[in-house]
Structures are given as C-alpha cells and as structure tokens.
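A.B. asks: Here you go, target.csv (CSV, C-alpha atoms and all ligand atoms):
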```
chain,number,residue,atom,x,y,z
A,1,MET,CA,228.4,51.4,47.8
A,2,THR,CA,227.2,54.4,45.8
A,3,SER,CA,225.8,57.1,47.9
A,4,VAL,CA,226.0,59.9,45.2
A,5,LEU,CA,225.4,59.4,41.5
A,6,ALA,CA,226.8,62.2,39.3
A,7,LEU,CA,225.7,62.6,35.7
A,8,THR,CA,228.5,64.3,33.8
A,9,GLY,CA,230.1,65.3,30.5
A,10,GLY,CA,233.7,66.3,30.2
A,11,VAL,CA,235.6,69.3,31.5
A,12,GLY,CA,232.9,71.3,33.4
A,13,GLY,CA,231.3,68.2,34.9
A,14,ALA,CA,234.6,66.7,35.9
A,15,LYS,CA,235.4,69.8,38.0
A,16,LEU,CA,232.4,69.1,40.3
A,17,ALA,CA,233.0,65.4,40.1
A,18,LEU,CA,236.5,66.0,41.5
A,19,GLY,CA,235.1,68.1,44.3
A,20,LEU,CA,232.6,65.4,45.2
A,21,ALA,CA,235.3,62.8,45.1
A,22,ARG,CA,237.4,64.8,47.5
A,23,VAL,CA,234.6,65.5,50.1
A,24,LEU,CA,232.9,62.1,50.0
A,25,PRO,CA,234.4,58.9,51.6
A,26,PRO,CA,236.3,56.8,49.0
A,27,GLY,CA,234.0,54.7,46.9
A,28,GLU,CA,230.8,56.6,47.6
A,29,LEU,CA,230.8,58.5,44.3
A,30,THR,CA,229.7,57.0,41.0
A,31,CYS,CA,230.1,59.1,37.8
A,32,VAL,CA,227.8,58.2,34.9
A,33,VAL,CA,229.5,59.7,31.9
A,34,ASN,CA,228.2,60.9,28.5
A,35,THR,CA,229.5,58.8,25.5
A,36,GLY,CA,227.6,60.7,22.8
A,37,ASP,CA,231.0,62.4,22.0
A,38,ASP,CA,232.7,59.0,21.4
A,39,PHE,CA,234.0,58.4,17.9
A,40,ARG,CA,236.4,56.3,15.8
A,41,HIS,CA,239.5,58.1,14.6
A,42,LEU,CA,242.6,56.6,12.9
A,43,GLY,CA,241.1,53.2,13.7
A,44,LEU,CA,240.9,54.1,17.4
A,45,ASP,CA,237.9,54.1,19.7
A,46,ILE,CA,238.0,57.4,21.5
A,47,SER,CA,235.8,58.3,24.5
A,48,PRO,CA,236.7,61.9,25.3
A,49,ASP,CA,234.4,62.4,28.3
A,50,ILE,CA,235.3,59.1,30.0
A,51,ASP,CA,239.0,60.0,29.6
A,52,THR,CA,238.5,63.5,31.0
A,53,LEU,CA,236.9,61.9,34.1
A,54,LEU,CA,239.6,59.3,34.4
A,55,TYR,CA,242.5,61.8,34.0
A,56,THR,CA,240.8,64.4,36.3
A,57,LEU,CA,240.1,61.9,39.2
A,58,ALA,CA,243.6,60.4,38.8
A,59,GLY,CA,245.2,63.8,39.0
A,60,LEU,CA,246.6,63.3,35.5
A,61,ALA,CA,244.5,65.9,33.6
A,62,ASP,CA,246.2,68.6,31.6
A,63,PRO,CA,245.3,71.8,33.4
A,64,VAL,CA,246.2,74.0,30.4
A,65,HIS,CA,244.2,72.5,27.6
A,66,GLY,CA,241.4,70.9,29.7
A,67,TRP,CA,241.8,67.7,27.8
A,68,GLY,CA,244.4,65.0,27.5
A,69,ARG,CA,247.2,64.2,30.1
A,70,ARG,CA,249.4,66.7,31.8
A,71,ASP,CA,253.0,66.9,30.6
A,72,ASP,CA,252.3,64.7,27.6
A,73,THR,CA,254.6,64.7,24.6
A,74,ALA,CA,253.7,65.0,20.9
A,75,THR,CA,256.1,62.7,19.1
A,76,PHE,CA,253.2,60.7,17.6
A,77,MET,CA,251.5,63.8,16.3
A,78,GLN,CA,254.7,65.2,14.8
A,79,ALA,CA,255.4,61.9,13.0
A,80,LEU,CA,251.8,61.7,11.8
A,81,THR,CA,252.0,65.3,10.4
A,82,ALA,CA,255.2,64.4,8.5
A,83,LEU,CA,253.4,61.4,7.0
A,84,GLY,CA,250.4,63.6,5.9
A,85,GLY,CA,248.0,62.1,8.5
A,86,ALA,CA,245.0,63.8,10.0
A,87,THR,CA,246.1,66.3,12.5
A,88,TRP,CA,242.8,68.0,13.5
A,89,PHE,CA,242.4,65.8,16.6
A,90,HIS,CA,245.3,65.9,18.9
A,91,LEU,CA,246.5,62.7,20.5
A,92,GLY,CA,249.3,63.0,23.0
A,93,ASP,CA,251.7,60.1,23.3
A,94,ALA,CA,250.6,58.9,26.8
A,95,ASP,CA,247.0,59.6,25.9
A,96,LEU,CA,247.4,57.4,22.9
A,97,ALA,CA,248.0,54.4,25.1
A,98,MET,CA,244.4,54.8,26.5
A,99,HIS,CA,242.8,54.8,23.0
A,100,VAL,CA,245.0,51.9,21.7
A,101,GLU,CA,244.2,49.7,24.8
A,102,ARG,CA,240.5,50.6,24.8
A,103,THR,CA,240.2,49.8,21.0
A,104,HIS,CA,242.1,46.5,21.5
A,105,ARG,CA,239.9,45.4,24.4
A,106,LEU,CA,236.6,46.4,22.6
A,107,ALA,CA,237.8,44.3,19.6
A,108,ALA,CA,238.4,41.4,21.9
A,109,GLY,CA,234.8,41.6,23.1
A,110,HIS,CA,235.1,43.5,26.4
A,111,SER,CA,232.4,46.0,27.2
A,112,LEU,CA,233.0,49.7,27.5
A,113,VAL,CA,231.7,49.5,31.1
A,114,ALA,CA,234.2,46.7,32.0
A,115,ILE,CA,237.1,48.5,30.3
A,116,SER,CA,236.3,51.8,32.0
A,117,ASP,CA,236.1,50.2,35.4
A,118,ASP,CA,239.4,48.4,34.9
A,119,MET,CA,241.1,51.6,33.7
A,120,ARG,CA,240.0,53.5,36.7
A,121,ARG,CA,241.2,50.8,39.1
A,122,ARG,CA,244.6,50.7,37.3
A,123,LEU,CA,244.8,54.6,37.6
A,124,GLY,CA,244.1,54.3,41.3
A,125,ILE,CA,240.7,55.9,41.3
A,126,ALA,CA,238.4,55.0,44.2
A,127,GLN,CA,235.3,56.4,42.5
A,128,ARG,CA,233.5,54.5,39.8
A,129,VAL,CA,233.5,55.9,36.3
A,130,VAL,CA,230.7,54.4,34.3
A,131,PRO,CA,229.8,55.1,30.6
A,132,MET,CA,226.1,55.8,30.2
A,133,CYS,CA,225.7,52.6,28.1
A,134,ASN,CA,227.7,50.0,26.3
A,135,GLU,CA,226.2,50.6,22.9
A,136,ALA,CA,227.3,53.3,20.5
A,137,VAL,CA,225.3,56.5,20.9
A,138,ARG,CA,226.5,59.3,18.6
A,139,THR,CA,225.6,62.9,18.9
A,140,ARG,CA,225.3,64.8,15.6
A,141,VAL,CA,224.3,68.4,14.8
A,142,ARG,CA,222.4,69.8,11.9
A,143,THR,CA,223.9,73.0,10.4
A,144,ALA,CA,223.5,75.0,7.2
A,145,GLU,CA,225.9,72.4,5.7
A,146,GLY,CA,223.8,69.5,6.7
A,147,TRP,CA,224.4,67.0,9.6
A,148,LEU,CA,227.9,67.0,11.1
A,149,ALA,CA,229.2,64.2,13.3
A,150,PHE,CA,229.9,65.6,16.8
A,151,GLN,CA,233.7,65.8,16.7
A,152,ASP,CA,233.6,67.2,13.1
A,153,TYR,CA,231.6,70.1,14.6
A,154,PHE,CA,233.3,70.4,18.0
A,155,VAL,CA,237.0,69.9,17.2
A,156,ARG,CA,237.5,70.1,13.4
A,157,ARG,CA,235.1,73.1,12.9
A,158,ARG,CA,235.7,74.5,16.4
A,159,CYS,CA,231.9,74.8,17.0
A,160,GLU,CA,231.7,77.5,14.3
A,161,PRO,CA,228.7,76.3,12.2
A,162,ALA,CA,225.4,77.4,13.7
A,163,VAL,CA,223.4,74.5,15.1
A,164,ARG,CA,219.8,74.1,14.1
A,165,GLU,CA,219.0,70.7,15.6
A,166,LEU,CA,220.7,68.0,17.7
A,167,GLU,CA,220.3,64.2,17.5
A,168,TYR,CA,221.6,61.4,19.6
A,169,LEU,CA,221.8,58.5,17.1
A,170,GLY,CA,221.3,55.1,18.7
A,171,ALA,CA,219.9,56.4,22.1
A,172,ASP,CA,216.5,54.8,21.5
A,173,ALA,CA,218.0,51.4,21.1
A,174,ALA,CA,220.7,51.6,23.8
A,175,THR,CA,220.3,50.1,27.2
A,176,PRO,CA,221.2,52.5,30.0
A,177,VAL,CA,223.8,51.2,32.5
A,178,ARG,CA,222.4,49.5,35.6
A,179,GLU,CA,223.1,52.6,37.7
A,180,LEU,CA,220.7,54.6,35.6
A,181,GLN,CA,218.1,51.8,35.4
A,182,THR,CA,218.0,51.5,39.2
A,183,LEU,CA,218.3,55.2,39.9
A,184,ALA,CA,214.7,55.7,41.0
A,185,THR,CA,214.6,53.2,43.7
A,186,GLN,CA,218.2,52.6,44.8
A,187,PRO,CA,218.3,52.2,48.6
A,188,GLY,CA,220.8,54.4,50.4
A,189,LEU,CA,221.2,56.8,47.5
A,190,ARG,CA,221.9,60.2,49.1
A,191,ALA,CA,221.7,62.4,45.9
A,192,VAL,CA,221.8,62.5,42.2
A,193,VAL,CA,223.9,65.4,40.9
A,194,ILE,CA,223.6,66.7,37.4
A,195,CYS,CA,227.0,68.4,37.0
A,196,PRO,CA,227.5,71.7,35.3
A,197,SER,CA,228.1,70.1,31.9
A,198,ASN,CA,226.6,71.3,28.6
A,199,PRO,CA,222.9,70.4,29.0
A,200,PHE,CA,222.4,69.7,25.3
A,201,LEU,CA,225.6,68.1,24.2
A,202,SER,CA,226.8,66.4,27.4
A,203,ILE,CA,223.7,65.7,29.6
A,204,GLY,CA,221.3,65.5,26.7
A,205,PRO,CA,222.5,62.1,25.5
A,206,VAL,CA,222.2,60.6,29.0
A,207,LEU,CA,218.6,61.9,29.3
A,208,ALA,CA,217.8,60.6,25.8
A,209,LEU,CA,218.4,57.0,26.9
A,210,ARG,CA,215.3,54.9,27.5
A,211,GLY,CA,213.7,55.5,30.9
A,212,VAL,CA,216.2,57.9,32.3
A,213,ARG,CA,214.0,61.0,32.3
A,214,GLU,CA,211.2,58.9,34.0
A,215,ALA,CA,213.7,57.5,36.5
A,216,LEU,CA,214.9,60.9,37.5
A,217,ALA,CA,211.4,62.3,37.8
A,218,ARG,CA,210.5,59.3,40.2
A,219,CYS,CA,213.8,59.3,42.0
A,220,THR,CA,213.3,59.2,45.8
A,221,ALA,CA,216.8,60.7,46.4
A,222,PRO,CA,217.1,64.5,45.8
A,223,VAL,CA,218.2,65.4,42.3
A,224,ILE,CA,220.4,68.5,42.2
A,225,ALA,CA,221.6,70.2,39.0
A,226,VAL,CA,224.3,72.9,38.8
A,227,SER,CA,223.9,75.4,36.0
A,228,PRO,CA,226.9,75.6,33.6
A,229,ILE,CA,226.0,79.3,33.0
A,230,VAL,CA,228.1,81.6,35.0
A,231,ALA,CA,228.0,85.5,34.9
A,232,GLY,CA,225.5,85.2,32.0
A,233,GLY,CA,227.6,83.0,29.7
A,234,ALA,CA,229.5,79.8,29.4
A,235,VAL,CA,232.7,79.5,31.3
A,236,LYS,CA,234.2,77.7,28.3
A,237,GLY,CA,232.9,76.0,25.2
A,238,PRO,CA,229.8,76.4,23.0
A,239,THR,CA,227.0,76.2,25.6
A,240,ALA,CA,225.9,79.8,25.4
A,241,LYS,CA,226.3,80.0,21.6
A,242,LEU,CA,224.4,76.7,21.1
A,243,MET,CA,221.6,77.9,23.4
A,244,GLY,CA,221.1,81.0,21.3
A,245,GLU,CA,221.2,79.0,18.1
A,246,LEU,CA,218.6,76.6,19.4
A,247,GLY,CA,216.3,79.5,20.1
A,248,PHE,CA,216.7,79.9,23.8
A,249,GLU,CA,217.7,83.1,25.6
A,250,VAL,CA,221.1,82.5,27.1
A,251,GLY,CA,220.7,82.0,30.8
A,252,HIS,CA,219.6,79.7,33.6
A,253,ALA,CA,216.1,79.6,32.4
A,254,ALA,CA,217.1,77.6,29.3
A,255,VAL,CA,218.9,75.1,31.7
A,256,ALA,CA,215.8,75.0,33.9
A,257,ALA,CA,213.6,74.3,30.9
A,258,HIS,CA,215.8,71.4,29.8
A,259,TYR,CA,215.7,69.9,33.3
A,260,ALA,CA,212.0,70.7,34.0
A,261,GLY,CA,210.3,68.1,36.1
A,262,LEU,CA,213.5,66.3,36.8
A,263,VAL,CA,215.4,68.3,39.5
A,264,ASP,CA,214.6,69.2,43.1
A,265,ALA,CA,217.0,72.1,43.0
A,266,LEU,CA,218.9,74.1,40.3
A,267,LEU,CA,222.0,75.8,41.6
A,268,VAL,CA,222.7,79.1,39.8
A,269,ASP,CA,225.3,81.9,40.5
A,270,ASP,CA,222.6,84.6,40.3
A,271,ASP,CA,218.9,84.2,40.3
A,272,SER,CA,218.0,87.9,39.4
A,273,GLY,CA,216.9,86.9,35.9
A,274,CYS,CA,215.1,83.8,37.1
A,275,ALA,CA,211.3,83.8,36.9
A,276,PRO,CA,209.7,82.7,40.2
A,277,GLY,CA,208.2,79.2,40.1
A,278,GLN,CA,209.9,78.2,36.9
A,279,ALA,CA,212.5,76.1,38.7
A,280,PRO,CA,213.6,75.4,42.3
A,281,TRP,CA,216.4,78.0,42.1
A,282,ILE,CA,219.1,78.1,44.8
A,283,THR,CA,221.9,80.6,44.5
A,284,ALA,CA,225.5,79.5,45.3
A,285,PRO,CA,229.0,80.4,44.1
A,286,THR,CA,229.1,78.0,41.1
A,287,LEU,CA,232.3,79.1,39.5
A,288,MET,CA,235.1,76.5,40.2
A,289,GLN,CA,238.5,78.1,39.6
A,290,THR,CA,240.5,76.4,42.4
A,291,LEU,CA,240.4,73.0,44.1
A,292,GLU,CA,238.8,74.7,47.1
A,293,ASP,CA,236.0,76.0,44.9
A,294,ARG,CA,235.3,72.5,43.6
A,295,GLU,CA,235.2,71.1,47.2
A,296,ARG,CA,233.1,74.0,48.4
A,297,LEU,CA,230.5,73.6,45.7
A,298,ALA,CA,230.5,69.8,46.3
A,299,ARG,CA,229.8,70.3,50.0
A,300,CYS,CA,227.1,72.9,49.1
A,301,VAL,CA,225.3,70.4,46.7
A,302,LEU,CA,225.4,67.7,49.4
A,303,ASP,CA,224.1,70.0,52.1
A,304,ILE,CA,221.2,71.0,49.9
A,305,ALA,CA,220.5,67.4,49.1
A,306,ASP,CA,220.5,66.5,52.8
A,307,ARG,CA,218.2,69.4,53.6
A,308,LEU,CA,215.8,68.4,50.9
A,309,ALA,CA,215.8,64.8,52.0
A,310,ALA,CA,215.0,65.8,55.5
A,311,ALA,CA,212.2,68.2,54.5
A,312,PRO,CA,208.7,66.7,54.2
A,313,ARG,CA,207.8,66.1,50.5
A,314,PRO,CA,204.8,67.8,49.1
A,401,LIG,P1,232.9,69.0,27.6
A,401,LIG,O1,232.1,67.7,27.5
A,401,LIG,O2,234.4,68.8,27.8
A,401,LIG,O3,232.6,70.0,26.6
A,401,LIG,O4,232.5,69.6,29.0
A,401,LIG,P2,231.1,69.7,29.8
A,401,LIG,O5,229.9,69.6,28.9
A,401,LIG,O6,231.2,68.8,31.0
A,401,LIG,O7,231.3,71.2,30.3
A,401,LIG,C1,231.1,72.3,29.6
A,401,LIG,C2,230.3,73.3,30.4
A,401,LIG,O8,231.0,73.4,31.7
A,401,LIG,C3,230.3,74.7,29.8
A,401,LIG,O9,228.9,75.0,29.6
A,401,LIG,C4,230.8,75.6,30.9
A,401,LIG,O10,230.1,76.8,31.1
A,401,LIG,C5,230.7,74.7,32.2
A,401,LIG,N1,231.7,75.0,33.2
A,401,LIG,C6,233.0,75.0,33.1
A,401,LIG,N2,233.6,75.4,34.2
A,401,LIG,C7,232.6,75.7,35.1
A,401,LIG,C8,232.5,76.2,36.4
A,401,LIG,O11,233.5,76.4,37.1
A,401,LIG,N3,231.3,76.3,37.0
A,401,LIG,C9,230.1,76.1,36.3
A,401,LIG,N4,229.0,76.3,36.9
A,401,LIG,N5,230.2,75.7,35.0
A,401,LIG,C10,231.4,75.4,34.4
```
As structure tokens, please, write out the structure in this file.
C.D. replies:
Amino acid sequence: MTSVLALTGGVGGAKLALGLARVLPPGELTCVVNTGDDFRHLGLDISPDIDTLLYTLAGLADPVHGWGRRDDTATFMQALTALGGATWFHLGDADLAMHVERTHRLAAGHSLVAISDDMRRRLGIAQRVVPMCNEAVRTRVRTAEGWLAFQDYFVRRRCEPAVRELEYLGADAATPVRELQTLATQPGLRAVVICPSNPFLSIGPVLALRGVREALARCTAPVIAVSPIVAGGAVKGPTAKLMGELGFEVGHAAVAAHYAGLVDALLVDDDSGCAPGQAPWITAPTLMQTLEDRERLARCVLDIADRLAAAPRP
C-alpha cells in the first residue's frame, strides 16, 4: 500500500526517490514520473525519466553520466555511426533492450503504466514506478528559432537556445494516473513529496494534467517539496538558466511561486534570501552527494510530514 507518493522527473528527483525507497518499508513508496520528455527516436519509444527511476531504484544507473545503465557498452552506437545514423542521442547496448521492449509492447497494445510496472518487477524493484499518464504529453520550448521538441532542445542543442515559453502538448486531454486522481483523499497517505526535479521541465508537466493542481491543494496528507536550487544555482542541468530566461530571479522564490498554494513545506538549503510569508520555508541540507545524504534528506522530509500531520490545521 502506498504511504508516500513522490512526484519526480529524472536525475535530481531519482536521488531523493532512492533515499525514500531505502528508509521506507518495501512497497510503501510510489513514484509518479514525468513523461513530458518522452519521444520517438529511430523508431523507438523512449521514456528517459521512467528509465532513470527504474535504473536508479534497481541499482543499475550509470553514476558517471547520470543517465543510462552502468557499465554499458556502445557497440550499437559505433555501428550506427559507421552507417551514418543519428548519433546525437546516446543509446547504450543494454539500455537499448529497454526501448526495444517498451516499443514492442506499446505496439502490441499494452499501456505505459502496465509496461513500467512489469519492468520494475522484473528489475526487482519493490517500489512502484508509475508514468504520470498513459497518453502522450510532449514538452516543447519556444526559442528565438521557434518551437523545439524537448529532446532537440535538451540533448541535441544542449539547452543552449534561450527559452521564452514552455508548453506541455497533450496535457489538457490526458487522463492522470489513478494515483494522481485519488491523491486528495487517499486513506493512509503519509505524505506527497515533490522531489527536487526541475520545477518547469519535470514537475510542470505533472502539474499541467487535469485536476492535479486542485488535488494537491486539497490533499489531506502533507505535501512537501524540496527545492532543486542549491547554493544559489542548479546542481546540474538547465534549471537556473531556464528560470532566468523565463523572467524569474534564480533562487528558491521562483520555486515557491511555481508551487504556491500546493505545498505545506518547501525545503531549501538556505532561507536567507526567502521573503517571510511567501512560502512555508524549512531549511535542511538538501544537497545529496552520497547515499547517506539521500537517506538523511528522505528521513528529514518524512519527519516534517509527520510533524505537520500531527499539528492542528489552521
Ligand atoms: P532530469 O529530468 O534528468 O533533467 O532531472 P530532474 O528534473 O529530476 O532534476 C534536475 C534538477 O535536480 C536540477 O534542477 C538540479 O539542481 C536538481 N538536483 C540534482 N541533484 C540535487 C541534489 O543533490 N539536491 C537538490 N536539492 N537538487 C538536486
């Protein structure tokens, strides 16, 4: 039974998800994962954030790159290069099996939810890994060159073009997974955790699904977010650059504005620049370098949730 529901993107979110998985009893964590980054490449259906969660929770993630499987080989990419194929998106040999199998099962009519659940069981993961919806939702960004599909911006162009606007195509029409639909009233739910993923690119698509913002605002369980800003910037990736390009001052306040009205606590590494009353700030060491850091932050989040649940609500 789910006692903690984590909303997450890829690498940053998966760090805390791993911490939560390790401190909670097996089976009590459900990770609802962004699929706005999903795309079709070389005829394959690729779900980067789901795979990051699966590989991280299974202990298979590549610690060097932050994506793909550890100790993977590159025979496929070398052969593809020799044949003049597209090389801008790296697909390791073992990783390729995931994409081929997912594509095959989707074509056979299986849902992304069912496929992801079967994959996590086969990889020996006790926690549930659930895509935010079964339908295609595609994040795209508007730049000086016009609209770019997410992976064209993120991987092919290495986040270089300045972003003026974001869109989550298909989010209006998609049906959020049951875990999101029932989030407001789920009995026994101990906490909802918004992991320190990119608020715009990774959590944004989840919040754009019909009814999710409303459900979070009404949720009877404490909703705790962890800011992905550490020491005034992003630990990795385009979060800080994007914030500036979208017109926000880089810092926790932009995260707080994004989650305004949705969270009972926002964990930040330093609240010295945080305006009083703007968000329910709580300071905590939010940088996760070691496995112990991940577990410590997970315990901290759960402690805060339990304290908030025990306190009388205004
Ligand atoms: P992606 O989907 O793979 O790009 O990854 P996410 O969106 O899940 O995570 C990217 C965010 O994670 C960035 O904004 C980073 O600042 C943040 N991040 C990475 N490591 C840490 C960490 O140790 N602590 C915190 N608080 N944020 C982190």
A.B. asks: For A:Arg70, which residue among A:Ala94, A:Ala221, A:Leu44, A:Leu54 is the nearest when counting all atoms listed in the file?
C.D. replies: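 Counting all atoms listed in the file, the residue closest to A:Arg70 is A:Ala94.
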A.B. asks: May I ask for the distance between atom O10 of ligand LIG 401 (chain A) and atom CA of A:Glu245, given in Å to one decimal place?
C.D. replies: 15.9 Å
A.B. asks: Would you pick out the contacts of A:Ile194 at 6 Å or less, using all atoms listed in the file, so that residues sharing its chain but fewer than 3 positions from it are not included, and give the list as a list of chain:residue names?
C.D. replies: A:Ala6, A:Leu7, A:Ala225
A.B. asks: Considering only C-alpha atoms and all ligand atoms, give me a table of residues in chain A that are at most 7 Å from ligand LIG 401 (chain A), with the closest atom pair and distance in Å for each, as CSV.
C.D. replies:
```
residue,atom,partner,partner_atom,distance
A:Thr8,CA,A:LIG401,O6,5.9
A:Gly9,CA,A:LIG401,O6,3.7
A:Gly10,CA,A:LIG401,O1,3.4
A:Val11,CA,A:LIG401,O2,3.9
A:Gly12,CA,A:LIG401,O8,3.3
A:Gly13,CA,A:LIG401,O6,3.9
A:Ala14,CA,A:LIG401,O6,6.3
A:Lys15,CA,A:LIG401,O11,6.9
A:Asp49,CA,A:LIG401,O1,5.8
A:Pro196,CA,A:LIG401,N5,4.8
A:Ser197,CA,A:LIG401,O6,3.5
A:Asn198,CA,A:LIG401,O5,3.7
A:Leu201,CA,A:LIG401,O5,6.5
A:Ser202,CA,A:LIG401,O5,4.7
A:Val226,CA,A:LIG401,N4,6.1
A:Ser227,CA,A:LIG401,N4,5.3
A:Pro228,CA,A:LIG401,N5,3.6
A:Ile229,CA,A:LIG401,O10,5.2
A:Val230,CA,A:LIG401,N4,5.7
A:Gly233,CA,A:LIG401,O10,6.8
A:Ala234,CA,A:LIG401,O10,3.5
A:Val235,CA,A:LIG401,O10,3.8
A:Lys236,CA,A:LIG401,C4,4.8
A:Gly237,CA,A:LIG401,C3,5.4
A:Pro238,CA,A:LIG401,O9,6.8
A:Thr239,CA,A:LIG401,O9,4.6
A:Thr286,CA,A:LIG401,N4,4.5
A:Leu287,CA,A:LIG401,O11,3.8
A:Met288,CA,A:LIG401,O11,3.5
A:Gln289,CA,A:LIG401,O11,5.8
```
A.B. asks: Just checking: using all atoms listed in the file, which residue out of A:Glu179, A:Asp269, A:Asp306, A:Asp152 ends up closest to A:Phe89?
C.D. replies: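 Result for the nearest residue to A:Phe89: A:Asp152.
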A.B. asks: Which one is closest to A:Arg294: A:Ala74, A:Phe39, A:Asp45, A:Cys195? Count all atoms listed in the file.
C.D. replies: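 The shortest atom-to-atom distance to A:Arg294 comes from A:Cys195.
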A.B. asks: Rounded to one decimal place, report the atom CA of A:Gly36-atom CA of A:Pro285 distance in Å.
C.D. replies: 29.0 Å
A.B. asks: If we count only C-alpha atoms and set the cut-off at 9 Å, which residues sit around A:Arg164, ignoring sequence neighbours fewer than 5 positions away in its own chain? Please answer as a list in words.
C.D. replies: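 The residues that qualify are Val141, Arg142, Thr143, Ala144, Leu242, Glu245, Leu246 and Gly247 of chain A.
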A.B. asks: Expressed in Å to a single decimal, how great is the separation between atom CA of A:Ala310 and atom CA of A:Pro187?
C.D. replies: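 Distance reported for this atom pair: 15.6 Å.
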A.B. asks: So that I can see what lies close to A:Ala257, please list as an NGL selection string the residues with an atom at most 12 Å from it, counting only C-alpha atoms and leaving out residues fewer than 5 positions away in the same chain.
C.D. replies: :A and (199-200 or 227 or 243 or 248-252 or 262-263 or 266 or 274-275 or 277-280)
A.B. asks: Smallest atom-to-atom distance to A:Leu57: which of A:Ile125, A:Met98, A:Ala108, A:Val33, using all atoms listed in the file?
C.D. replies: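 Closest residue, counting all atoms listed in the file: A:Ile125.
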A.B. asks: Using only C-alpha atoms, determine which residues lie at most 7 Å from stretch 114-124 of chain A, disregarding the query and same-chain residues fewer than 4 positions distant; provide the list as a PyMOL selection string.
C.D. replies: chain A and resi 54+58+102+110+128-130
A.B. asks: Hey, which of A:Ile304, A:Ala126, A:Leu169, A:Val223 ends up closest to A:Arg22? Count all atoms listed in the file.
C.D. replies: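 Selected residue with least distance to A:Arg22: A:Ala126.
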A.B. asks: Could you give me stretch 254-267 of chain A completed to N, CA and C atoms, formatted as a compact mmCIF listing (two decimals), in the frame of the given file?
C.D. replies:
```txt
# COMPACT_ATOMS: atom_id res chain seq x y z
N ALA A 254 217.00 78.60 30.36
CA ALA A 254 217.10 77.60 29.30
C ALA A 254 217.53 76.23 29.95
N VAL A 255 218.41 76.32 30.95
CA VAL A 255 218.90 75.10 31.70
C VAL A 255 217.68 74.53 32.44
N ALA A 256 216.94 75.44 33.10
CA ALA A 256 215.80 75.00 33.90
C ALA A 256 214.75 74.32 32.99
N ALA A 257 214.55 74.88 31.79
CA ALA A 257 213.60 74.30 30.90
C ALA A 257 214.01 72.88 30.46
N HIS A 258 215.30 72.73 30.25
CA HIS A 258 215.80 71.40 29.80
C HIS A 258 215.66 70.37 30.93
N TYR A 259 215.76 70.80 32.19
CA TYR A 259 215.70 69.90 33.30
C TYR A 259 214.30 69.92 34.02
N ALA A 260 213.33 70.55 33.36
CA ALA A 260 212.00 70.70 34.00
C ALA A 260 211.40 69.39 34.41
N GLY A 261 210.93 69.33 35.64
CA GLY A 261 210.30 68.10 36.10
C GLY A 261 211.26 67.05 36.61
N LEU A 262 212.55 67.29 36.44
CA LEU A 262 213.50 66.30 36.80
C LEU A 262 214.33 66.59 38.04
N VAL A 263 214.45 67.89 38.37
CA VAL A 263 215.40 68.30 39.50
C VAL A 263 214.60 68.88 40.64
N ASP A 264 215.15 68.64 41.84
CA ASP A 264 214.60 69.20 43.10
C ASP A 264 215.21 70.58 43.36
N ALA A 265 216.39 70.83 42.78
CA ALA A 265 217.00 72.10 43.00
C ALA A 265 217.94 72.39 41.78
N LEU A 266 217.96 73.65 41.33
CA LEU A 266 218.90 74.10 40.30
C LEU A 266 219.78 75.16 40.87
N LEU A 267 221.08 74.86 41.01
CA LEU A 267 222.00 75.80 41.60
C LEU A 267 222.46 76.81 40.51
```
